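Worksheet for the structure shown next.
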Amino acid sequence: MRAEQARRIARQWVREEGSALPGFAGAFLTGSVLWADPAAELAPSSDVDVMVVAHPGTPIGHIGKFPYQGVLLEVSSMTGLGSTHEVLSDYHLAGSFHLPCVLADPTGRLGELQRVVARDFAERPWVLARCTHAMDRVRGFINGVDESAPPVEQITSWLFGTGVTAHVLLVAGLRNPTVRRRYAAVRDLLADHGRLEYHEDLLDLLGCARLSAAEVGRHLDALERVFDAAASVRAPAYRFDSDISPVARPAAIDGSRELIDQGLHREAVFWMAATYARCLTKRALAGESGYEDGFAGLLSDLGVETLADRRRRGDRVLAALPGLWQTATALC
């Protein structure tokens, strides 16, 4: 299937089902399928991201992943979009609205935003504003590591704070701040700018710079086992319940194996760790335990096995931010 066909299917879902949601105020595409060449082939490990906008006071809630007409849709929702200046300063929203993303626009508001954002997206002040937004998210995640929270939550805060460093550079380079493939994408960006050596710094902050393909492959084997165990239980109240399900397996497991096969094993580690944490969280919410040893082995290899480790590694990320900003401003 081509990306353009996948977009049409997303529009069809919005027209036939999404628009009937209470409080529906519009919908737009986001994510890699939006950024892709319309003629590009949709990878089996890809989903199609749709954001539903709700009227204020009528939140729709997270819908999640589900198959529809041969594609895997990932439907999220939000209430309100703010001003054009706020959208231009938000690195996720601006990344969508600078492209023809609108799927449904009953009020006309989304089309208005899209026209302005498309016009001003590449202006340097707005690029720097979005880089600042990403930098603030790094600080928020790292400083949000709570010593009273369960270890899996601490890991998630450290992991996403560290991982957003890749987004800072992708935003500076006007590239898609993709989620699962962020380290592969930032590698391409830095290579294009003759700065590939800085990619090693990013991987070092994550703790995977020296991991071999065999080591990452063993961690993926362990993740595959816990994923299948977590996919077989139900935790409907968990926001990421559908991300850990049989229909999501191609993205979570097969997509990571694709990266390893491409020689990008270190770039696969971020999403593997995030998925492992979600698997254990889902199983815990379903009253299940087990598979913690494999996660502990991955954390040990990344150097974040204890709270003290996570604090120390988080401080390294914060200390690296001036250099990250300098690199970002050189890219934009």
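Numbering starts fresh at 1 for the residues of each chain in the structure tokens, the chains themselves are lettered A, B, ... in the order given, and ligands are numbered from 1 as they appear.
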Legend entry - Test item: residues at most 8 Å from range 53-64 of chain A, only C-alpha atoms, excluding those fewer than 6 positions along its chain, as an MDAnalysis selection string: chainID A and resid 21:27 73:80 239:243
Inset, instruction - Please run DSSP on the backbone and report, as a PyMOL selection string, all residues within range 63-171 of chain A that come out as alpha helix (DSSP H). - result: chain A and resi 84-89+91-97+109-120+124-143+151-171
Legend entry - Atomic distance CA of Leu331 in chain A - CA of Gly173 in chain A, expressed in Å with one decimal: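 That distance, rounded to one decimal, is 5.5 Å.
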Inset, instruction - Have a look at CA of Asp309 in chain A and CA of Leu190 in chain A and let me know their distance in Å, one decimal. - result: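 These two atoms are separated by 28.6 Å.
Across the model, the gap from CA of Arg225 in chain A to CA of Leu285 in chain A is 18.1 Å.
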